[in-house]
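In what follows, a structure is listed as structure tokens, so that the remarks can point back to it.
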Amino acid sequence: MKLSKLTIAQRQQRGLYVVSDRHAASDPLLQLGAHLSLSGIVRVLDCGNRADMYLIARTLRPLTADPVSAMRNIRLSRAFTCYQVETLLSRCDALEQVPVLVLDFLSTFTDESVSDDEVQRLFHDSVAHLRRLSGRNIVMVGVKPLTDVISKRVDLLTELMRLCDDFVRLNELETLTAEAAEQLSLL
Amino acid sequence: MNVSVCGWLLDLYEDENDGVRLWFILEDGTRRMVRQRFQVAFYAAGRKERLHQCCLELRGMAGVVKQSRVIKQDVFKPDPVCALEILTDNPVRQARIFRRLKKSFADLTFYNADLAIQTLHAARYGTFPMAYCRIAYNADSLELETIEILNSRWDVAPILPALRTLSIEPDRVPTRETPRALRVEAEGRRPFRIGLADRNKIIPTLNRIVADYDPDLIKTKNGDDWLFPFLLDLEKDRRAEETSAAFAERLAFNRDPDRKIRWKKEISYFSYGQIIYRGREAHLFGRCHLDIRNALMWKDYGLDGTLEMARVTTLPIAQAARVSPGSGISVMQMLTALERDILIPEQKQQVEMIKTGDELIRADRGGLIYQPITGFHTDVAQIDFTSMYPAIIIKGNISPEVPLPDGLEPASDELGVVPATLKPLYLKRVAFRQKIMTLPDRNAVMAKRYAARASALKWLLVVCFGFLGYKNARFGRIEAHEAVTAGGREILLAAKQICESMGFRVLHMFVDALWIAKPGCRTAADFSGVLDAISRRTKLMISLDGIYRWIVFLPSRGNDNLPVPNRYFGCFQDGRLKVRGLELRRHDSPPWVSAIQRQILDVLSGAWDVRQFADLLPKVFRIFVDALRRLNAGDVAIEDLLLTIRISRDPGAYKTPTAAVRAAIQLQERTGIRTVPGQKVRFLFVESESGVYNWDQPPDRYPPEPIDRAKYRELLARAVSSILWPFGIRQKDLCDYANGTLQLRLEGV
């Protein structure tokens, strides 16, 4: 993955960045999380049940002799409904100086059992939390393209793209380069 | 004048004017409706100023009886919450007021706001379907004065009334052919047909039958998706045709004459790795409509199990027949919460506590599986923990609001909502199993009825664990879900240690079951010691499922060296077969393939050891050869070649359509009928461009192309090769043989 494609200024410590691919850019973000965990705490908010900790462990193994300590730097919570996503983000409002990775952010907002009005309200509240959070931290949000089946909610992605500091769409074959990860881990 | 009578509660529903209407089957056989005033309270919590604004909005609103500030317990919060209690005069108006508030005050947390009237009534009066009650009511106004429940939903042998059942079914499968008649049968009377050609006579005839027989249950096939829509369309057409609408008789299936049929929308939902489709539902008032084609578990436990499910969950009978067991357990948990005065959030907002990466790896593991030692084994016992996960939940007191146990040692003595809900259910199931054991004939009617009821409870217990981790479960909590699987893994490992310390070889372990063997052990007595030792150590019930003469654990299809769990077939000492993961257990196998595989296994069930098993191979091969001959000669009934596969997404969403999806697309292109996610597609493999023929299209307009015999030969070879795998006979060899490109010689064939 060319996460370096994102226009993150060197030493930039805050901002909302959105990364998209077919799998919500989860693997690249988790790999990034592994790199970041080498130098400190990383907050992972998993909104699509994508937190594959084995992937992080595999990524860490060649990078450090003590992957367990790095794994302990990963601080993860999962949300399974859009109500939980909103609550989870609201509880992160006070976080400072910690990189935040949000996995598959839009997944729960496509739940057809939740009304469109509710989705709109929760989405806007969640994005407001993300904006607040990104005022103090670097926040990387993974999303996947919304398909026609949920066409009514395609606007959510457009709205998120409008509000973020930068957006990048990854090619499927792109993988995280060590250089890009290193560059980001310096931030 | 007040009348006091005894009877069984059949139906209960809300009414805007009366509050609640209750239908009883009285002891003298009368069916009686009574009315009951029923005030309903719900709660809102949140910021003070918003609650104040909410109060102002509610002031003077029709239906609001009282507003007050109360302190109540939220299941996910350690301290009680201060909430606004909104008391309404009527359940219908309560729902309306809640919807209105939800729009204006979406930021507030609402509690007890969307509960079914049956649940609220059960919590207040202890009612449940088929509850035996003493009621007193005013004979003029039919207003209910008092109600006393005289039995319990936990009774193992309750006395039930004789229900009048009317069956109505079309003479043809409506999705495939237009029905020409209805077959109608009132229980205990001679069945008869109503022709559909004379459209003017259909509704009056049916109305007359219903009025005359006055059924409690109307049991239909395709009632939800065809019969009721057909009858209602007919009614509409006739009213449009008649110059005076008075001549066109309305459909009168409801016992309550004030009501029309209530429709519930179709849904597709995700359950245990599958997308399930449930068609729209037609519900009646004062009697129950059961469409057995739209009743999820009807094939498994029938009416007895449905009534049991309704009794223990308090769901109305028609609903209990259709909803998933998960919905049943959810209602039961809500009832427990209501009884304990715990608030039930309309939307669960509690989130997972922070875990580190390594903690997640340790916690999120699921059930323990010990891969089988593949191959042929003799004298193997299968031992299973009885309802292991429910037992762990109860024993460990695992509930979202209670501190999690340390191993299996509960952190608190007072049972939480989830274990308190499960305990009576678990005990009732154990009681059913004990009852069945005491009956001399396990095939007798009584034994079958107990088995059906036990099965309904089994499903409720099975889903209770999954529900702890289900995103929409009101009393779910992912940590509690993980604690249960952690307990399960500990117990299974303890059991393995005990088995091995007593000289048994553990061949396979799967979540709550172990397959163990020891030379010379082949009777129940040989295994009783190990069972006792495991029970003593784990404090859970474990039983002997059976002793196999022989059992074959199969490897992965793609790799002979890779064992896979739960793919085996074996023969118990009494000759019964147990099969898992083979074609005959799979819904997507054509019946012809399943039948041949079953036939082969039946032959092999005559063997006691590997030698006898090998001796039977010529017979097995003869069955295979005969089946091929019949297929090639076109002697196999076309229905037996049908495949039934559920699709999980909209057909248009597939990038590479599978055969089932191609069949769904074909149906839509030819007939306009859409297959929605969760619906099953029935199709044949045929020699055509798409390679498939959808079975649910009119055959007169779209006759099927010739059967793709090569494809069916391949399916058969695949099924037979699963059984012959221990003898080194591979699918490819059988396939090549079937297609005439390989010659095999087997003595005696």
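Convention: chains lettered A, B, ... in structure tokens order; per-chain residue numbering from 1; ligands numbered from 1 as shown.
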
Within 8 Å of chain B, which residues belong to chain A? Use only C-alpha atoms and report them as a VMD selection string.
chain A and resid 53 to 54 68 71 to 81 83 to 84 87 to 88 149

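Every protein or nucleic acid residue with an atom no more than 12 Å from Ala525 of chain B, counting only C-alpha atoms and leaving out same-chain residues fewer than 5 positions away, appears here: Ala381, Gly520, Val530, Leu531, Asp532, Leu544, Gly546 and Ile547 of chain B.
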
Could you write out that same residue set with N, CA and C atoms as an mmCIF file, in the first residue's frame?
data_model
loop_
_atom_site.group_PDB
_atom_site.id
_atom_site.type_symbol
_atom_site.label_atom_id
_atom_site.label_comp_id
_atom_site.auth_asym_id
_atom_site.auth_seq_id
_atom_site.Cartn_x
_atom_site.Cartn_y
_atom_site.Cartn_z
ATOM 1 N N ALA B 381 -16.202 -44.790 21.543
ATOM 2 C CA ALA B 381 -17.369 -44.210 22.239
ATOM 3 C C ALA B 381 -17.398 -42.712 21.982
ATOM 4 N N GLY B 520 -10.590 -53.301 23.855
ATOM 5 C CA GLY B 520 -11.407 -54.144 24.735
ATOM 6 C C GLY B 520 -12.623 -53.458 25.315
ATOM 7 N N VAL B 530 -15.065 -43.613 33.284
ATOM 8 C CA VAL B 530 -14.490 -42.372 32.758
ATOM 9 C C VAL B 530 -15.542 -41.250 32.769
ATOM 10 N N LEU B 531 -16.792 -41.609 32.497
ATOM 11 C CA LEU B 531 -17.864 -40.594 32.520
ATOM 12 C C LEU B 531 -18.030 -40.036 33.932
ATOM 13 N N ASP B 532 -18.016 -40.944 34.925
ATOM 14 C CA ASP B 532 -18.164 -40.491 36.316
ATOM 15 C C ASP B 532 -17.011 -39.569 36.704
ATOM 16 N N LEU B 544 -23.043 -40.780 27.593
ATOM 17 C CA LEU B 544 -22.548 -41.612 26.499
ATOM 18 C C LEU B 544 -23.526 -41.493 25.336
ATOM 19 N N GLY B 546 -23.086 -42.938 22.426
ATOM 20 C CA GLY B 546 -23.180 -44.264 21.835
ATOM 21 C C GLY B 546 -21.802 -44.865 21.628
ATOM 22 N N ILE B 547 -21.809 -46.158 21.383
ATOM 23 C CA ILE B 547 -20.527 -46.837 21.095
ATOM 24 C C ILE B 547 -20.591 -47.313 19.646
#

Report the residues of segment 33-167 of chain A whose backbone DSSP state falls under strand (DSSP E or B), written as a ChimeraX atom specification.
/A:42-46,74-78,100-103,138-143,166-167

Mind the document's chain letters and residue numbers, and return as a VMD selection string the residues of segment 11-180 of chain A that DSSP labels alpha helix (DSSP H).
chain A and resid 26 to 37 53 to 60 67 to 72 82 to 91 116 to 134 154 to 163 178 to 180

Can you tell me which residues surround segment 656-668 of chain B at a distance of at most 12 Å, considering only C-alpha atoms, apart from same-chain residues fewer than 3 positions away, and format the answer as a tab-separated table (two decimals) with N, CA and C atoms, in the first residue's frame?
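Once everything was written out, this is out.tsv:
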chain	number	residue	atom	x	y	z
B	175	THR	N	-45.67	-21.77	-6.47
B	175	THR	CA	-44.57	-21.10	-7.19
B	175	THR	C	-44.32	-21.77	-8.53
B	176	ARG	N	-44.78	-23.00	-8.64
B	176	ARG	CA	-44.47	-23.74	-9.87
B	176	ARG	C	-45.68	-23.85	-10.81
B	588	ASP	N	-27.65	-29.16	-0.16
B	588	ASP	CA	-27.41	-28.84	-1.56
B	588	ASP	C	-27.12	-30.09	-2.40
B	642	LEU	N	-32.97	-32.68	-8.41
B	642	LEU	CA	-33.02	-31.25	-8.06
B	642	LEU	C	-32.01	-30.89	-6.99
B	643	LEU	N	-31.37	-29.76	-7.17
B	643	LEU	CA	-30.51	-29.23	-6.12
B	643	LEU	C	-31.21	-28.04	-5.48
B	644	THR	N	-31.11	-27.92	-4.18
B	644	THR	CA	-31.74	-26.79	-3.49
B	644	THR	C	-30.65	-26.03	-2.74
B	645	ILE	N	-30.41	-24.83	-3.17
B	645	ILE	CA	-29.31	-24.05	-2.58
B	645	ILE	C	-29.81	-22.66	-2.20
B	646	ARG	N	-29.41	-22.23	-1.03
B	646	ARG	CA	-29.79	-20.91	-0.54
B	646	ARG	C	-28.79	-19.88	-1.07
B	647	ILE	N	-29.30	-18.76	-1.55
B	647	ILE	CA	-28.35	-17.73	-1.97
B	647	ILE	C	-28.24	-16.68	-0.87
B	648	SER	N	-27.05	-16.14	-0.72
B	648	SER	CA	-26.82	-15.26	0.43
B	648	SER	C	-26.81	-13.79	0.06
B	649	ARG	N	-26.80	-13.51	-1.24
B	649	ARG	CA	-26.80	-12.11	-1.66
B	649	ARG	C	-27.79	-11.93	-2.80
B	650	ASP	N	-28.01	-10.69	-3.15
B	650	ASP	CA	-28.85	-10.42	-4.29
B	650	ASP	C	-28.16	-10.99	-5.53
B	651	PRO	N	-28.90	-11.70	-6.43
B	651	PRO	CA	-28.22	-12.34	-7.57
B	651	PRO	C	-27.35	-11.37	-8.37
B	652	GLY	N	-27.75	-10.11	-8.45
B	652	GLY	CA	-26.99	-9.13	-9.22
B	652	GLY	C	-25.66	-8.75	-8.57
B	653	ALA	N	-25.51	-9.11	-7.28
B	653	ALA	CA	-24.30	-8.69	-6.55
B	653	ALA	C	-23.14	-9.66	-6.72
B	671	THR	N	-39.46	-14.99	-15.70
B	671	THR	CA	-40.79	-14.81	-15.08
B	671	THR	C	-40.91	-13.51	-14.29
B	672	GLY	N	-39.82	-12.85	-14.07
B	672	GLY	CA	-39.86	-11.61	-13.27
B	672	GLY	C	-39.82	-11.89	-11.78
B	673	ILE	N	-39.81	-13.17	-11.37
B	673	ILE	CA	-39.79	-13.49	-9.94
B	673	ILE	C	-38.38	-13.30	-9.41
B	674	ARG	N	-38.27	-12.47	-8.37
B	674	ARG	CA	-36.97	-12.15	-7.79
B	674	ARG	C	-36.65	-13.12	-6.65
B	675	THR	N	-35.42	-13.56	-6.60
B	675	THR	CA	-35.00	-14.39	-5.47
B	675	THR	C	-34.22	-13.49	-4.53
B	676	VAL	N	-34.68	-13.40	-3.30
B	676	VAL	CA	-34.03	-12.47	-2.37
B	676	VAL	C	-33.02	-13.23	-1.50
B	677	PRO	N	-32.04	-12.52	-0.94
B	677	PRO	CA	-31.05	-13.20	-0.10
B	677	PRO	C	-31.72	-14.03	1.00
B	678	GLY	N	-31.22	-15.26	1.15
B	678	GLY	CA	-31.79	-16.15	2.16
B	678	GLY	C	-32.81	-17.11	1.57
B	679	GLN	N	-33.30	-16.82	0.35
B	679	GLN	CA	-34.27	-17.74	-0.27
B	679	GLN	C	-33.54	-18.88	-0.96
B	680	LYS	N	-34.23	-20.00	-1.04
B	680	LYS	CA	-33.60	-21.16	-1.68
B	680	LYS	C	-33.94	-21.19	-3.17
B	681	VAL	N	-33.00	-21.70	-3.94
B	681	VAL	CA	-33.22	-21.84	-5.39
B	681	VAL	C	-33.20	-23.32	-5.70
B	682	ARG	N	-34.21	-23.78	-6.46
B	682	ARG	CA	-34.24	-25.20	-6.85
B	682	ARG	C	-33.90	-25.27	-8.33
B	683	PHE	N	-32.94	-26.09	-8.67
B	683	PHE	CA	-32.53	-26.13	-10.09
B	683	PHE	C	-31.96	-27.48	-10.47
B	684	LEU	N	-31.86	-27.67	-11.79
B	684	LEU	CA	-31.24	-28.88	-12.35
B	684	LEU	C	-30.00	-28.48	-13.13
B	685	PHE	N	-29.05	-29.38	-13.22
B	685	PHE	CA	-27.94	-29.17	-14.15
B	685	PHE	C	-28.40	-29.69	-15.51
B	686	VAL	N	-28.34	-28.83	-16.49
B	686	VAL	CA	-28.82	-29.23	-17.82
B	686	VAL	C	-27.78	-28.84	-18.88
B	688	SER	N	-27.14	-26.72	-21.41
B	688	SER	CA	-27.53	-25.44	-22.02
B	688	SER	C	-26.41	-24.45	-21.77
B	689	GLU	N	-26.58	-23.25	-22.30
B	689	GLU	CA	-25.51	-22.27	-22.16
B	689	GLU	C	-25.26	-21.92	-20.69
B	690	SER	N	-26.37	-21.72	-19.94
B	690	SER	CA	-26.20	-21.38	-18.52
B	690	SER	C	-25.87	-22.61	-17.69
B	691	GLY	N	-26.19	-23.78	-18.20
B	691	GLY	CA	-25.89	-25.03	-17.49
B	691	GLY	C	-26.90	-25.38	-16.41
B	692	VAL	N	-27.91	-24.52	-16.23
B	692	VAL	CA	-28.88	-24.77	-15.16
B	692	VAL	C	-30.31	-24.55	-15.66
B	693	TYR	N	-31.25	-25.14	-14.95
B	693	TYR	CA	-32.66	-24.94	-15.25
B	693	TYR	C	-33.38	-24.69	-13.92
B	694	ASN	N	-33.93	-23.50	-13.75
B	694	ASN	CA	-34.63	-23.19	-12.51
B	694	ASN	C	-35.96	-23.95	-12.47
B	695	TRP	N	-36.17	-24.66	-11.38
B	695	TRP	CA	-37.33	-25.55	-11.27
B	695	TRP	C	-38.63	-24.79	-11.06
B	696	ASP	N	-38.55	-23.56	-10.61
B	696	ASP	CA	-39.76	-22.84	-10.24
B	696	ASP	C	-40.29	-21.95	-11.36
B	697	GLN	N	-40.01	-22.31	-12.59
B	697	GLN	CA	-40.58	-21.58	-13.71
B	697	GLN	C	-41.64	-22.47	-14.38
B	698	PRO	N	-42.62	-21.87	-15.05
B	698	PRO	CA	-43.67	-22.71	-15.64
B	698	PRO	C	-43.09	-23.65	-16.72
B	699	PRO	N	-43.20	-24.97	-16.50
B	699	PRO	CA	-42.56	-25.89	-17.44
B	699	PRO	C	-43.22	-25.90	-18.82
B	702	TYR	N	-41.44	-22.94	-20.44
B	702	TYR	CA	-39.99	-23.13	-20.50
B	702	TYR	C	-39.66	-24.57	-20.12
B	711	LYS	N	-22.44	-34.15	-15.23
B	711	LYS	CA	-22.37	-33.41	-13.97
B	711	LYS	C	-22.90	-34.28	-12.82

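Residues in contact with Leu29 of chain A at 8 Å, where only C-alpha atoms are counted and same-chain residues fewer than 5 positions away are skipped, are listed as A:Leu101, A:Leu103, A:Met140, A:Gly142.
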
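Coordinates place atom CA of Asn90 of chain B at a distance of 18.7 Å from atom CA of Cys55 of chain B.
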
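Distances from B:Ala197, B:Leu108, B:Ile276, B:Leu26 to Leu51 of chain B were compared using only C-alpha atoms, and the smallest one belongs to B:Leu108.
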
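With atom CA of His129 of chain A on one side and atom CA of Thr110 of chain A on the other, the separation reads 19.1 Å.
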
Leu404 of chain B: which residues within 7 Å, counting only C-alpha atoms, same-chain residues fewer than 3 positions away excluded, as a ChimeraX atom specification?
/B:398,411,480

Output file for the selection above: C-alpha atoms, as a CSV table (one decimal), in the first residue's frame:
chain,number,residue,atom,x,y,z
B,398,ILE,CA,-22.2,-15.5,33.1
B,411,ALA,CA,-18.0,-14.1,40.9
B,480,ALA,CA,-19.5,-12.9,28.4

Phe98 of chain B proximity check over B:Glu346, B:Glu187, B:Asp155, B:Asp171, using only C-alpha atoms: winner is B:Glu346

Spatial neighbours of Ala607 of chain B, 10 Å, only C-alpha atoms, chain gap at least 4 places, as a ChimeraX atom specification
/B:549-550,571,575,602-603,611-616
